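**Q** Sharing protein02.cif below, mmCIF, C-alpha atoms:
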```
data_work
#
loop_
_atom_site.label_atom_id
_atom_site.label_comp_id
_atom_site.auth_asym_id
_atom_site.auth_seq_id
_atom_site.Cartn_x
_atom_site.Cartn_y
_atom_site.Cartn_z
CA MET O 1 -70.68 13.65 18.14
CA ARG O 2 -68.76 16.76 18.61
CA LYS O 3 -67.01 18.13 15.57
CA THR O 4 -64.09 20.47 15.97
CA ASN O 5 -63.10 22.96 13.35
CA ARG O 6 -59.44 23.77 13.75
CA LEU O 7 -56.79 25.26 11.55
CA GLY O 8 -53.53 24.00 13.16
CA PHE O 9 -51.91 20.74 14.23
CA THR O 10 -51.90 19.50 17.76
CA LEU O 11 -48.57 19.31 19.54
CA ILE O 12 -48.71 15.50 19.49
CA GLU O 13 -49.12 15.42 15.71
CA LEU O 14 -46.22 17.77 15.24
CA LEU O 15 -43.93 15.76 17.50
CA VAL O 16 -44.82 12.51 15.77
CA VAL O 17 -44.00 13.98 12.38
CA ILE O 18 -40.67 15.31 13.65
CA ALA O 19 -39.87 11.95 15.21
CA ILE O 20 -40.59 10.14 11.94
CA ILE O 21 -38.36 12.51 10.02
CA ALA O 22 -35.58 12.04 12.57
CA ILE O 23 -35.79 8.25 12.27
CA LEU O 24 -35.70 8.43 8.47
CA ILE O 25 -32.60 10.64 8.54
CA GLY O 26 -31.00 8.30 11.03
CA LEU O 27 -31.57 5.40 8.67
CA LEU O 28 -30.39 7.32 5.64
CA LEU O 29 -27.12 8.79 6.88
CA PRO O 30 -25.11 5.57 7.23
CA ALA O 31 -26.44 4.49 3.85
CA VAL O 32 -25.19 7.72 2.30
CA GLN O 33 -21.73 7.11 3.75
CA LYS O 34 -21.68 3.57 2.33
CA VAL O 35 -22.76 4.82 -1.06
CA ARG O 36 -20.07 7.46 -1.02
CA GLU O 37 -17.41 4.83 -0.25
CA ALA O 38 -18.84 2.56 -2.95
CA ALA O 39 -18.62 5.44 -5.43
CA ASN O 40 -15.02 6.14 -4.37
CA LYS O 41 -14.13 2.50 -4.87
CA MET O 42 -15.70 2.54 -8.32
CA LYS O 43 -13.75 5.67 -9.25
CA CYS O 44 -10.60 3.98 -7.99
CA THR O 45 -11.32 0.87 -10.08
CA ASN O 46 -11.74 3.11 -13.09
CA ASN O 47 -8.42 4.88 -12.42
CA LEU O 48 -6.64 1.54 -12.33
CA LYS O 49 -8.38 0.44 -15.51
CA GLN O 50 -7.11 3.58 -17.25
CA LEU O 51 -3.58 2.96 -16.01
CA GLY O 52 -3.72 -0.66 -17.15
CA LEU O 53 -4.89 0.34 -20.62
CA ALA O 54 -2.34 3.16 -20.82
CA LEU O 55 0.47 0.73 -19.99
CA HIS O 56 -0.78 -1.57 -22.75
CA SER O 57 -0.93 1.33 -25.23
CA TYR O 58 2.60 2.21 -24.23
CA HIS O 59 3.63 -1.39 -24.86
CA ASP O 60 1.98 -1.32 -28.31
CA ASN O 61 4.01 1.71 -29.31
CA ASN O 62 7.31 0.85 -27.65
CA GLN O 63 7.36 -2.97 -27.69
CA SER O 64 7.89 -3.06 -23.93
CA PHE O 65 6.46 -1.71 -20.70
CA PRO O 66 8.10 1.55 -19.52
CA ALA O 67 11.83 1.12 -18.90
CA ASN O 68 13.64 2.97 -16.15
CA LYS O 69 16.64 5.08 -16.86
CA ASN O 70 19.78 4.54 -14.84
CA LEU O 71 20.94 8.04 -14.00
CA ALA O 72 23.57 6.61 -11.61
CA THR O 73 23.23 8.92 -8.67
CA VAL O 74 19.84 10.55 -9.15
CA THR O 75 16.27 9.33 -9.45
CA SER O 76 14.90 9.12 -12.98
CA ILE O 77 11.29 9.79 -13.91
CA GLY O 78 8.96 6.84 -13.49
CA TRP O 79 6.34 5.03 -15.54
CA HIS O 80 3.67 7.47 -14.35
CA VAL O 81 5.33 10.15 -16.48
CA MET O 82 5.92 7.90 -19.48
CA ILE O 83 2.26 6.93 -19.82
CA LEU O 84 1.00 10.53 -19.67
CA PRO O 85 0.32 10.70 -23.44
CA TYR O 86 -1.88 7.62 -23.08
CA ILE O 87 -4.12 9.11 -20.39
CA GLU O 88 -4.80 12.23 -22.45
CA GLN O 89 -2.08 14.32 -20.83
CA THR O 90 0.01 14.65 -23.98
CA ALA O 91 1.11 18.24 -23.38
CA LEU O 92 2.31 17.38 -19.90
CA GLY O 93 3.97 14.21 -21.17
CA ASN O 94 5.84 16.17 -23.85
CA SER O 95 7.17 18.64 -21.29
CA ALA O 96 8.99 15.85 -19.41
CA ASN O 97 12.63 15.22 -20.15
CA PRO O 98 13.60 11.58 -19.49
CA SER O 99 17.31 12.29 -19.52
CA LEU O 100 17.04 14.68 -16.58
CA PRO O 101 16.50 13.56 -12.98
CA SER O 102 13.04 13.72 -11.46
CA TYR O 103 13.94 16.37 -8.89
CA ILE O 104 17.30 17.63 -7.43
CA THR O 105 17.53 21.12 -8.93
CA ALA O 106 14.73 23.52 -8.18
CA GLY O 107 14.00 24.62 -11.75
CA ASN O 108 14.15 21.11 -13.27
CA VAL O 109 11.22 20.58 -15.70
CA ASN O 110 10.53 17.12 -14.31
CA ARG O 111 10.36 18.45 -10.78
CA LEU O 112 7.80 21.05 -11.86
CA LEU O 113 5.59 18.26 -13.26
CA GLY O 114 4.77 17.31 -9.68
CA GLY O 115 2.74 20.48 -9.27
CA ASN O 116 0.09 19.14 -11.64
CA LYS O 117 -2.72 17.19 -10.06
CA ILE O 118 -3.51 14.10 -12.13
CA SER O 119 -6.69 12.68 -10.66
CA THR O 120 -6.11 9.35 -12.43
CA PHE O 121 -3.17 8.81 -10.05
CA LEU O 122 -5.21 9.52 -6.93
CA CYS O 123 -7.65 7.27 -5.08
CA PRO O 124 -10.59 9.31 -3.73
CA SER O 125 -10.71 7.25 -0.52
CA TYR O 126 -7.33 8.51 0.66
CA ASP O 127 -7.10 12.19 1.42
CA GLN O 128 -3.31 12.55 1.55
CA ILE O 129 -2.75 13.74 -2.01
CA LEU O 130 0.43 15.75 -1.52
CA SER O 131 3.95 14.42 -1.20
CA LEU O 132 5.25 14.25 2.36
CA SER O 133 8.90 14.25 1.33
CA ALA O 134 10.74 17.43 2.24
CA ILE O 135 12.57 17.52 -1.08
CA ASP O 136 9.38 17.62 -3.16
CA ASN O 137 8.63 21.27 -2.54
CA LEU O 138 8.04 23.48 -5.56
CA PRO O 139 9.39 26.96 -6.30
CA ASN O 140 6.05 28.52 -5.39
CA GLY O 141 6.27 27.03 -1.91
CA THR O 142 3.67 24.26 -2.29
CA MET O 143 4.29 20.52 -2.23
CA ALA O 144 4.13 18.28 -5.29
CA TYR O 145 1.22 15.88 -5.69
CA THR O 146 1.80 12.22 -4.95
CA MET O 147 0.39 9.08 -6.57
CA HIS O 148 -1.71 6.35 -4.98
CA TYR O 149 -0.97 3.61 -7.50
CA VAL O 150 2.36 1.85 -7.69
CA GLY O 151 3.75 -0.59 -10.18
CA VAL O 152 4.47 -4.13 -8.98
CA ALA O 153 8.25 -4.51 -9.07
CA GLY O 154 7.97 -8.15 -8.11
CA PRO O 155 7.66 -10.54 -5.18
CA LYS O 156 10.16 -10.81 -2.36
CA GLY O 157 10.21 -14.17 -0.63
CA THR O 158 10.09 -17.83 -1.61
CA ASN O 159 8.42 -19.33 -4.65
CA PRO O 160 5.94 -21.84 -3.13
CA THR O 161 6.16 -24.22 -6.08
CA THR O 162 9.93 -24.42 -6.64
CA GLY O 163 11.07 -23.47 -3.13
CA THR O 164 13.62 -21.01 -4.47
CA ALA O 165 13.89 -17.35 -3.55
CA TYR O 166 12.55 -14.72 -5.91
CA ASN O 167 15.10 -12.43 -7.56
CA VAL O 168 15.77 -9.20 -5.70
CA ASN O 169 18.55 -6.84 -6.70
CA GLY O 170 20.66 -5.59 -3.81
CA PRO O 171 18.43 -6.73 -0.92
CA ALA O 172 21.10 -5.94 1.65
CA THR O 173 21.58 -2.39 0.47
CA SER O 174 19.53 0.70 0.91
CA GLN O 175 15.71 0.81 0.84
CA ALA O 176 15.25 -2.99 1.03
CA GLY O 177 16.32 -3.80 -2.52
CA LEU O 178 14.64 -3.85 -5.92
CA ALA O 179 12.52 -6.91 -6.72
CA ALA O 180 13.07 -8.09 -10.29
CA ASP O 181 10.35 -10.65 -11.04
CA GLY O 182 7.32 -8.41 -11.58
CA ILE O 183 5.94 -6.58 -14.60
CA LEU O 184 7.38 -3.18 -13.67
CA PRO O 185 10.75 -3.89 -11.98
CA PHE O 186 13.65 -1.47 -12.03
CA HIS O 187 15.73 -4.08 -13.85
CA LYS O 188 14.16 -7.35 -14.93
CA SER O 189 16.99 -9.71 -14.02
CA LEU O 190 19.60 -10.15 -11.32
CA SER O 191 22.62 -7.92 -11.61
CA THR O 192 25.47 -7.26 -9.24
CA THR O 193 26.37 -3.97 -10.89
CA ALA O 194 24.23 -1.07 -11.98
CA PRO O 195 22.86 -1.93 -15.43
CA ALA O 196 23.64 0.70 -18.08
CA THR O 197 20.16 0.31 -19.51
CA PRO O 198 17.76 -1.33 -17.05
CA GLY O 199 15.79 -4.11 -18.76
CA ALA O 200 12.08 -3.53 -19.32
CA VAL O 201 9.51 -6.33 -19.38
CA LYS O 202 7.68 -7.30 -22.58
CA ILE O 203 4.38 -9.14 -22.74
CA GLY O 204 6.31 -12.21 -23.87
CA ASP O 205 8.25 -12.17 -20.59
CA ILE O 206 5.04 -12.70 -18.61
CA THR O 207 5.11 -16.47 -18.84
CA ASP O 208 2.75 -16.94 -15.86
CA GLY O 209 0.03 -15.36 -17.99
CA THR O 210 -0.99 -11.72 -17.96
CA SER O 211 -4.29 -12.43 -16.19
CA ASN O 212 -2.35 -14.11 -13.34
CA THR O 213 0.16 -11.34 -12.79
CA MET O 214 -0.33 -8.10 -10.91
CA MET O 215 0.76 -4.97 -12.72
CA VAL O 216 -0.41 -1.91 -10.78
CA ALA O 217 -1.66 -1.93 -7.20
CA GLU O 218 -3.24 0.54 -4.85
CA TRP O 219 -0.85 2.04 -2.35
CA ALA O 220 -3.06 4.39 -0.38
CA TRP O 221 -3.85 3.33 3.16
CA GLN O 222 -4.07 5.34 6.31
CA GLY O 223 -0.95 4.60 8.35
CA LEU O 224 1.60 3.81 5.67
CA GLU O 225 3.14 7.22 6.28
CA ALA O 226 3.99 6.40 9.93
CA THR O 227 6.99 8.65 9.38
CA PRO O 228 6.47 11.56 6.97
CA GLY O 229 8.23 10.97 3.67
CA ALA O 230 6.62 7.76 2.47
CA LEU O 231 4.46 9.52 -0.10
CA ARG O 232 6.62 11.08 -2.78
CA ALA O 233 6.04 13.18 -5.88
CA TRP O 234 4.32 11.24 -8.66
CA GLN O 235 6.97 11.88 -11.27
CA ARG O 236 9.71 10.17 -9.25
CA GLY O 237 10.83 6.88 -10.75
CA GLY O 238 13.71 4.98 -9.25
CA ILE O 239 17.41 4.63 -8.76
CA TRP O 240 19.73 1.63 -8.63
CA ASP O 241 20.46 0.33 -5.10
CA ASN O 242 18.15 2.90 -3.61
CA ASP O 243 14.54 3.99 -3.52
CA PHE O 244 11.93 3.22 -6.17
CA PRO O 245 8.91 5.42 -5.45
CA ALA O 246 7.08 4.46 -8.66
CA CYS O 247 6.95 0.73 -7.83
CA LYS O 248 6.96 -1.49 -4.77
CA ASN O 249 8.28 -4.90 -3.78
CA ILE O 250 5.52 -7.32 -2.77
CA GLY O 251 6.93 -8.99 0.34
CA SER O 252 4.18 -8.42 2.86
CA SER O 253 0.42 -8.70 3.21
CA MET O 254 -1.68 -5.63 2.53
CA ARG O 255 -1.42 -2.86 5.12
CA THR O 256 1.32 -4.47 7.20
CA VAL O 257 4.68 -2.77 6.66
CA ARG O 258 4.72 0.96 7.36
CA TYR O 259 7.34 3.56 6.67
CA ILE O 260 8.98 3.89 10.09
CA THR O 261 12.47 4.77 8.92
CA ASN O 262 14.04 5.76 5.63
CA THR O 263 15.59 2.37 4.92
CA ASN O 264 12.61 0.33 3.77
CA HIS O 265 10.78 2.52 1.29
CA ASN O 266 10.53 -0.16 -1.40
CA ASP O 267 9.03 -2.68 1.06
CA ILE O 268 6.04 -0.65 2.26
CA SER O 269 2.90 -2.77 1.88
CA ILE O 270 0.28 -2.13 -0.72
CA GLY O 271 -3.28 -1.61 0.52
CA SER O 272 -6.21 0.74 0.44
CA ASN O 273 -8.77 2.48 2.60
CA HIS O 274 -11.55 0.44 0.99
CA THR O 275 -13.06 -2.13 3.32
CA GLY O 276 -11.38 -5.53 3.30
CA GLY O 277 -8.87 -5.32 0.47
CA CYS O 278 -7.56 -3.27 -2.42
CA ASN O 279 -7.96 -2.86 -6.16
CA ILE O 280 -5.26 -4.35 -8.34
CA ALA O 281 -4.80 -4.03 -12.11
CA PHE O 282 -3.53 -7.22 -13.70
CA GLY O 283 -1.30 -7.65 -16.71
CA ASP O 284 -4.25 -8.22 -19.03
CA GLY O 285 -5.74 -4.84 -18.10
CA SER O 286 -8.44 -6.28 -15.84
CA VAL O 287 -8.98 -4.74 -12.41
CA ARG O 288 -9.93 -6.95 -9.51
CA PHE O 289 -10.65 -6.30 -5.86
CA ILE O 290 -8.33 -8.60 -3.94
CA ARG O 291 -9.15 -9.45 -0.33
CA GLU O 292 -6.74 -8.39 2.36
CA SER O 293 -6.87 -11.83 3.99
CA ILE O 294 -5.52 -13.79 1.03
CA ASP O 295 -2.50 -15.94 1.77
CA LEU O 296 0.80 -14.13 1.33
CA ASN O 297 3.05 -17.05 0.37
CA LYS O 298 0.54 -19.04 -1.67
CA VAL O 299 -1.34 -16.27 -3.49
CA LEU O 300 0.04 -12.75 -3.23
CA LEU O 301 3.68 -13.57 -4.03
CA PRO O 302 2.80 -15.87 -6.99
CA LEU O 303 0.46 -13.19 -8.35
CA ALA O 304 3.26 -10.62 -8.13
CA SER O 305 5.70 -12.74 -10.12
CA ARG O 306 5.57 -12.82 -13.90
CA ASN O 307 7.68 -15.90 -14.58
CA GLY O 308 7.80 -18.10 -11.47
CA GLY O 309 5.68 -20.92 -12.88
CA GLU O 310 3.71 -21.15 -9.65
CA VAL O 311 0.43 -22.91 -9.16
CA VAL O 312 -1.65 -20.12 -7.64
CA ALA O 313 -3.96 -21.32 -4.89
CA ASP O 314 -7.62 -20.37 -5.12
CA TYR O 315 -8.24 -16.78 -4.05
CA MET T 316 -60.98 15.67 19.92
CA ARG T 317 -60.23 13.65 16.89
CA MET T 318 -58.08 10.61 17.37
CA LEU T 319 -54.82 10.38 15.49
CA ASN T 320 -55.56 8.06 12.63
CA CYS T 321 -52.00 6.99 12.13
CA ILE T 322 -50.33 4.41 14.22
CA LEU T 323 -46.58 4.47 14.09
CA VAL T 324 -44.95 1.12 14.15
CA LEU T 325 -41.31 1.29 14.95
CA THR T 326 -39.26 -1.50 13.58
CA THR T 327 -35.97 -2.01 15.16
CA PHE T 328 -33.31 -2.73 12.66
CA THR T 329 -30.61 -4.86 14.02
CA ILE T 330 -27.53 -3.93 12.13
CA CYS T 331 -25.43 -6.96 11.66
CA ALA T 332 -21.89 -6.19 12.59
CA CYS T 333 -20.27 -8.27 9.93
CA SER T 334 -16.53 -8.40 10.39
CA GLU T 335 -14.52 -10.37 7.91
CA GLN T 336 -13.57 -13.80 9.20
CA GLY T 337 -9.86 -13.77 8.54
CA PRO T 338 -7.39 -16.57 9.02
CA THR T 339 -6.55 -17.77 12.54
CA ARG T 340 -3.99 -15.55 14.19
CA TYR T 341 -2.07 -16.02 17.42
CA GLN T 342 -0.92 -13.21 19.65
CA ILE T 343 2.70 -12.95 20.65
CA SER T 344 4.66 -10.54 22.80
CA GLY T 345 8.11 -10.22 24.27
CA GLU T 346 11.20 -8.12 24.74
CA VAL T 347 13.62 -6.96 22.09
CA LYS T 348 17.24 -6.31 22.98
CA PHE T 349 20.04 -5.20 20.71
CA ASN T 350 23.49 -5.98 22.04
CA GLY T 351 21.94 -6.37 25.50
CA GLN T 352 20.18 -3.00 25.44
CA PRO T 353 16.41 -2.58 25.03
CA VAL T 354 15.38 -1.30 21.60
CA ALA T 355 13.56 2.03 21.92
CA TYR T 356 11.35 1.81 18.85
CA GLY T 357 10.94 -0.30 15.74
CA ASP T 358 8.90 -3.03 14.16
CA VAL T 359 8.93 -6.82 14.13
CA LEU T 360 7.56 -8.64 11.10
CA PHE T 361 6.52 -12.29 11.42
CA THR T 362 6.39 -13.80 7.93
CA PRO T 363 5.47 -17.48 7.50
CA ASP T 364 8.60 -19.14 6.12
CA GLY T 365 7.78 -20.08 2.55
CA ALA T 366 11.14 -21.86 2.20
CA LYS T 367 9.91 -24.37 4.83
CA GLY T 368 6.49 -24.63 3.21
CA ASN T 369 4.69 -22.60 5.86
CA SER T 370 1.94 -20.20 4.92
CA GLY T 371 -0.68 -18.11 6.63
CA PRO T 372 -1.23 -14.55 7.79
CA GLN T 373 1.71 -12.25 8.26
CA GLY T 374 2.03 -10.71 11.72
CA VAL T 375 3.48 -7.40 12.72
CA ALA T 376 4.16 -5.66 16.03
CA TYR T 377 5.71 -2.37 16.98
CA ILE T 378 8.47 -2.10 19.57
CA THR T 379 8.12 0.53 22.24
CA ASP T 380 10.64 0.83 25.06
CA GLY T 381 12.16 -2.59 24.56
CA SER T 382 9.03 -4.71 24.21
CA TYR T 383 6.52 -5.62 21.55
CA ASP T 384 3.01 -7.07 21.55
CA THR T 385 0.89 -7.94 18.53
CA ARG T 386 -2.19 -6.88 20.54
CA ASN T 387 -1.02 -3.28 20.63
CA LYS T 388 -2.10 -0.57 18.22
CA ASP T 389 -1.43 -1.42 14.54
CA GLY T 390 -0.28 -4.93 15.48
CA LYS T 391 -1.45 -8.08 13.72
CA GLY T 392 -1.37 -11.62 15.06
CA ILE T 393 0.93 -14.29 13.66
CA ALA T 394 0.40 -17.62 11.91
CA GLY T 395 2.77 -19.79 13.97
CA GLY T 396 4.99 -22.53 12.59
CA PRO T 397 8.31 -21.81 10.88
CA THR T 398 8.50 -18.03 10.81
CA VAL T 399 10.96 -15.49 9.51
CA ILE T 400 11.30 -12.78 12.13
CA HIS T 401 12.52 -9.45 10.81
CA VAL T 402 13.42 -6.81 13.40
CA ARG T 403 14.19 -3.23 12.57
CA GLY T 404 15.23 -1.23 15.61
CA LEU T 405 15.38 2.55 15.80
CA ASN T 406 17.04 4.73 18.42
CA LYS T 407 13.72 6.54 18.88
CA GLN T 408 10.39 6.95 17.12
CA GLY T 409 11.08 8.66 13.80
CA GLY T 410 14.78 8.24 14.52
CA LYS T 411 17.70 6.40 13.01
CA LEU T 412 17.93 2.70 12.20
CA ILE T 413 20.28 0.99 14.64
CA CYS T 414 19.76 -2.68 13.79
CA ASP T 415 18.27 -4.76 11.01
CA TYR T 416 18.05 -8.43 11.90
CA GLN T 417 16.44 -11.44 10.32
CA THR T 418 16.13 -14.90 11.83
CA THR T 419 14.08 -18.05 11.33
CA ILE T 420 12.40 -19.85 14.19
CA ASP T 421 9.63 -22.39 14.70
CA LEU T 422 6.95 -20.68 16.76
CA PRO T 423 4.13 -22.66 18.40
CA LYS T 424 0.62 -22.24 17.02
CA GLU T 425 -0.69 -20.62 20.21
CA ASN T 426 -0.59 -17.31 22.00
CA GLY T 427 2.76 -16.90 23.67
CA LYS T 428 5.88 -14.97 24.48
CA HIS T 429 9.11 -14.79 22.55
CA ASN T 430 12.06 -12.62 23.46
CA ILE T 431 14.33 -11.50 20.65
CA ASP T 432 18.02 -10.86 21.21
CA VAL T 433 19.49 -9.04 18.27
CA PRO T 434 23.25 -9.76 18.08
CA LYS T 435 25.57 -6.84 17.63
CA GLU T 436 26.56 -8.16 14.18
CA ALA T 437 23.13 -6.99 13.01
CA ALA T 438 23.99 -3.35 13.51
CA ALA T 439 22.66 -1.20 10.70
CA LYS T 440 25.24 -0.61 8.01
CA GLU T 441 25.90 2.85 6.76
CA PHE T 442 23.96 2.79 3.53
CA LYS T 443 25.38 4.70 0.66
CA LYS T 444 23.19 7.65 -0.04
CA PRO T 445 24.01 9.25 -3.37
CA VAL T 446 21.14 11.69 -3.11
CA PRO T 447 19.36 13.17 -0.13
CA GLU T 448 16.65 10.51 -0.09
CA ILE T 449 13.89 11.18 2.39
#
```
Please, can you express the file's structure as C-alpha cells?
**A**
Amino acid sequence: MRKTNRLGFTLIELLVVIAIIAILIGLLLPAVQKVREAANKMKCTNNLKQLGLALHSYHDNNQSFPANKNLATVTSIGWHVMILPYIEQTALGNSANPSLPSYITAGNVNRLLGGNKISTFLCPSYDQILSLSAIDNLPNGTMAYTMHYVGVAGPKGTNPTTGTAYNVNGPATSQAGLAADGILPFHKSLSTTAPATPGAVKIGDITDGTSNTMMVAEWAWQGLEATPGALRAWQRGGIWDNDFPACKNIGSSMRTVRYITNTNHNDISIGSNHTGGCNIAFGDGSVRFIRESIDLNKVLLPLASRNGGEVVADY
Amino acid sequence: MRMLNCILVLTTFTICACSEQGPTRYQISGEVKFNGQPVAYGDVLFTPDGAKGNSGPQGVAYITDGSYDTRNKDGKGIAGGPTVIHVRGLNKQGGKLICDYQTTIDLPKENGKHNIDVPKEAAAKEFKKPVPEI
C-alpha cells in the first residue's frame, strides 16, 4: 500500500468543507430572522405590559383612567403624557403642562416633549418612529417621535347581543367621530355638545369585566400611513369633534382601514407587523396576542366595549 | 491517494409554507360613480352588517379610476350576506374627500360584481376645522 505524506488539503476536501459551511449558513439565516422577529414581538409585549401597569398605577392614584381635557379648539395632551411618571419618566412628566395644548405654538413645552424618544411607546417591528404630520416639527428642524400604541376609545358598530348601535360621539362630523364605550374614550357617554370636563372611565365602569375589555392596542402596521400624516407626535391627545391621535375607534378588522384622507383619522385600523395578529393589553393588565382573523362583529367589537353586556364568542 | 473518509448526506428540508387559514372570503369588483362621474380614488369598506346579525371577515378595496376590485393590491375579500358598504371618494390619490357614502345591501356569498352609484346627496360636507389638523 502506498502511503502519501502531504501537508495540505486536496481541492475536493476544501470544496466539500466550503459547501458544508454554505449549507449551514443557508439554514441558519432564516432562523436568525425568525428569532429577531420573535424577540421584537416579546419586546412589544413587554411595552404593552408596562403601559397596562402604568395605567393601573395612574388609576390607583387618581381614581380614574386618564381624563382628556377639553381645550375647545386645540388638541390637549393625551394619556401617553399623563402616565409618564408611572413608566419612570417622572422628570419628563413633570415638564408637561396639561392646561396648554399639545402643539400649536412652536415654543410650547408640550410640543417639545415630542422630541424625546420613549422606547416604551415604540414597537421594534415597525421602523416608522417619527411623526409624519407636517405640524409636528420641532424648533431644531427634526420631527417629533410618534407612538405605536393607542388607547381603545371604544367599538363602532352594532352590539351583537342587544342589536343596538354602540355610542359614538359626533360620527357625522370630522375624523369619523369619537367612540365612547371603551376604556379610554374622549368622553365616556353620549353628548351633543362639547363636555366641559370629558368623563374618564373608572374600573367600576368596566362592567364587562376588565379581562374581557381591550385597553391599549398596537397601531403599527406597514401601510396605515397610506397618506403621510397618520402617525402623529406621541404627546397629542384629542379634541372634541375632531381627531384623537392618542386613541382609536375599533370599527374595522386589523390592518384594514388606512389613512387615505384627513377625514378618518380616528377610524384607522389597529394592527401590527407581527405575523398573523397584534398584541393587545386588556383592562386587567394582561397582554394577549389576538389573531387578525378573529370575527369583527362577534369578537373584536365586544372586546372593545366596556359595558355592552355582550356574550363574547370564543376567540 | 487516500479516500475521503467522510460521506456527506444532504437532507433536503421541505419548508412548509404555512399560511394562516382565514375565514372564507369572496372577491368582488365593480365601478364606483359619484353623481354619474367615475370616482378617481378612494376606498370601499365591506363590513358585515351586525344589525342584521351578519358576521364574518371585513373586506376592503381601493378605487382607482372609477373601479374597484378586492383582488387588487391591499384589497381583502368580503364575507357576503347583509353588508354595510362605506365608500369614501377622493378627487385624486392623496387629494380631497369628495363623497362619503354608506349603504346596506345583501350581497351573494360568491365572487361577483357590484357597481356602486353614490348619490349627489353624499357629497362630503365641509368639516369644521378649528386647528390645522393634518
**Q** Grab the CA of Gly283 (chain O) to CA of Thr164 (chain O) distance for me, in Å with one decimal place.
**A**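 Rounded to one decimal, the two atoms are 23.5 Å apart.
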**Q** Which one is closest to chain T: O:Ser102, O:Asn212, O:Asn46, O:Asn159? Count all atoms listed in the file.
**A**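 Nearest to chain T: O:Asn159.
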**Q** Take the PyMOL selection byres ((chain O and resi 298) around 8), apply it to the structure above, and return the hits as an mmCIF file with C-alpha atoms, in the frame of the given file.
**A**
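To be explicit, this is the file written out as selection-v1.cif:
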```
data_model
loop_
_atom_site.group_PDB
_atom_site.id
_atom_site.type_symbol
_atom_site.label_atom_id
_atom_site.label_comp_id
_atom_site.auth_asym_id
_atom_site.auth_seq_id
_atom_site.Cartn_x
_atom_site.Cartn_y
_atom_site.Cartn_z
ATOM 1 C CA PRO O 160 5.940 -21.840 -3.130
ATOM 2 C CA ASP O 295 -2.500 -15.940 1.770
ATOM 3 C CA LEU O 296 0.800 -14.130 1.330
ATOM 4 C CA ASN O 297 3.050 -17.050 0.370
ATOM 5 C CA VAL O 299 -1.340 -16.270 -3.490
ATOM 6 C CA LEU O 300 0.040 -12.750 -3.230
ATOM 7 C CA LEU O 301 3.680 -13.570 -4.030
ATOM 8 C CA PRO O 302 2.800 -15.870 -6.990
ATOM 9 C CA VAL O 312 -1.650 -20.120 -7.640
ATOM 10 C CA ALA O 313 -3.960 -21.320 -4.890
ATOM 11 C CA SER T 370 1.940 -20.200 4.920
#
```
**Q** Name the residues captured by the PyMOL selection byres ((chain O and resi 256-270) around 8) when it is applied to the shown file; answer as an MDAnalysis selection string.
**A** (chainID O and resid 174:178 217:221 223:227 230 243:245 247:255 271:272) or (chainID T and resid 357 360 373:375 391 405 408:412 448:449)
**Q** Determine, for each residue of region 368-397 of chain T having at least one atom at most 6 Å from an atom of region 418-436 of chain T, the closest pair of atoms and their separation in Å to one decimal, counting all atoms listed in the file; order by chain and ascending number, as a Markdown table.
**A**
```
| residue | atom | partner | partner_atom | distance |
| --- | --- | --- | --- | --- |
| T:Gly395 | CA | T:Lys424 | CA | 4.5 |
| T:Gly396 | CA | T:Leu422 | CA | 5.0 |
| T:Pro397 | CA | T:Asp421 | CA | 4.1 |
```
**Q** Which is closest to Asn110 (chain O) among O:Pro98, O:Gly52, O:Gly209, O:Gly141, if we use all atoms listed in the file?
**A**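 So, comparing all the options, the nearest one is O:Pro98.
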**Q** Just to confirm, what's the straight-line distance from CA of Ile77 (chain O) to CA of Ser211 (chain O) in Å (one decimal)?
**A**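 Separating CA of Ile77 (chain O) from CA of Ser211 (chain O) is a distance of 27.2 Å.
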**Q** Hey, can you pull every residue with an atom no more than 8 Å from (-5.8, -8.0, 23.0), using all atoms listed in the file, and send it as a ChimeraX atom specification?
**A** /T:342,386-387
**Q** Keeping C-alpha atoms for every residue in the selection just given, could you write it to a file as a PDB file, in the coordinates of the input?
**A**
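Produced file out-v4.pdb, reproduced below:
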```pdb
ATOM      1  CA  GLN T 342      -0.920 -13.210  19.650  1.00  0.00           C
ATOM      2  CA  ARG T 386      -2.190  -6.880  20.540  1.00  0.00           C
ATOM      3  CA  ASN T 387      -1.020  -3.280  20.630  1.00  0.00           C
TER       4      ASN T 387
END
```
**Q** Do you know which residues are at most 10 Å from region 62-66 of chain O counting all atoms listed in the file, after dropping those on the same chain fewer than 2 positions away, and could you put them as a list in words?
**A**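 So, after excluding close chain neighbours, the residues are Leu55, His56, Ser57, Tyr58, His59, Asp60, Asn68, Lys69, Gly78, Trp79, His80, Val81, Met82, Ile83, Ile183, Leu184, Pro185, Phe186, Gly199, Ala200, Val201, Lys202, Ile203, Gly204 and Asp205 of chain O.
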**Q** Enumerate, as a short mmCIF file (atom, residue, chain, number, x, y, z; two decimals) with C-alpha atoms, keeping the file's coordinate frame, the residues matched when the PyMOL selection byres ((chain O and resi 89) around 12) is run on the file above.
**A**
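Dumped everything to expr.cif:
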```
data_model
loop_
_atom_site.label_atom_id
_atom_site.label_comp_id
_atom_site.auth_asym_id
_atom_site.auth_seq_id
_atom_site.Cartn_x
_atom_site.Cartn_y
_atom_site.Cartn_z
CA ALA O 54 -2.34 3.16 -20.82
CA HIS O 80 3.67 7.47 -14.35
CA VAL O 81 5.33 10.15 -16.48
CA MET O 82 5.92 7.90 -19.48
CA ILE O 83 2.26 6.93 -19.82
CA LEU O 84 1.00 10.53 -19.67
CA PRO O 85 0.32 10.70 -23.44
CA TYR O 86 -1.88 7.62 -23.08
CA ILE O 87 -4.12 9.11 -20.39
CA GLU O 88 -4.80 12.23 -22.45
CA THR O 90 0.01 14.65 -23.98
CA ALA O 91 1.11 18.24 -23.38
CA LEU O 92 2.31 17.38 -19.90
CA GLY O 93 3.97 14.21 -21.17
CA ASN O 94 5.84 16.17 -23.85
CA SER O 95 7.17 18.64 -21.29
CA ALA O 96 8.99 15.85 -19.41
CA LEU O 113 5.59 18.26 -13.26
CA ASN O 116 0.09 19.14 -11.64
CA LYS O 117 -2.72 17.19 -10.06
CA ILE O 118 -3.51 14.10 -12.13
CA SER O 119 -6.69 12.68 -10.66
CA THR O 120 -6.11 9.35 -12.43
#
```
**Q** Could you state the separation of CA of Leu231 (chain O) and CA of Ile378 (chain T) in Å, given to one decimal place?
**A**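 Going from CA of Leu231 (chain O) over to CA of Ile378 (chain T) covers 23.2 Å.
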**Q** Write out as number ranges by chain which residues come within 9 Å of Ala437 (chain T) when counting all atoms listed in the file, dropping same-chain ones fewer than 3 positions away.
**A** T: 349, 413-417, 433-434, 440
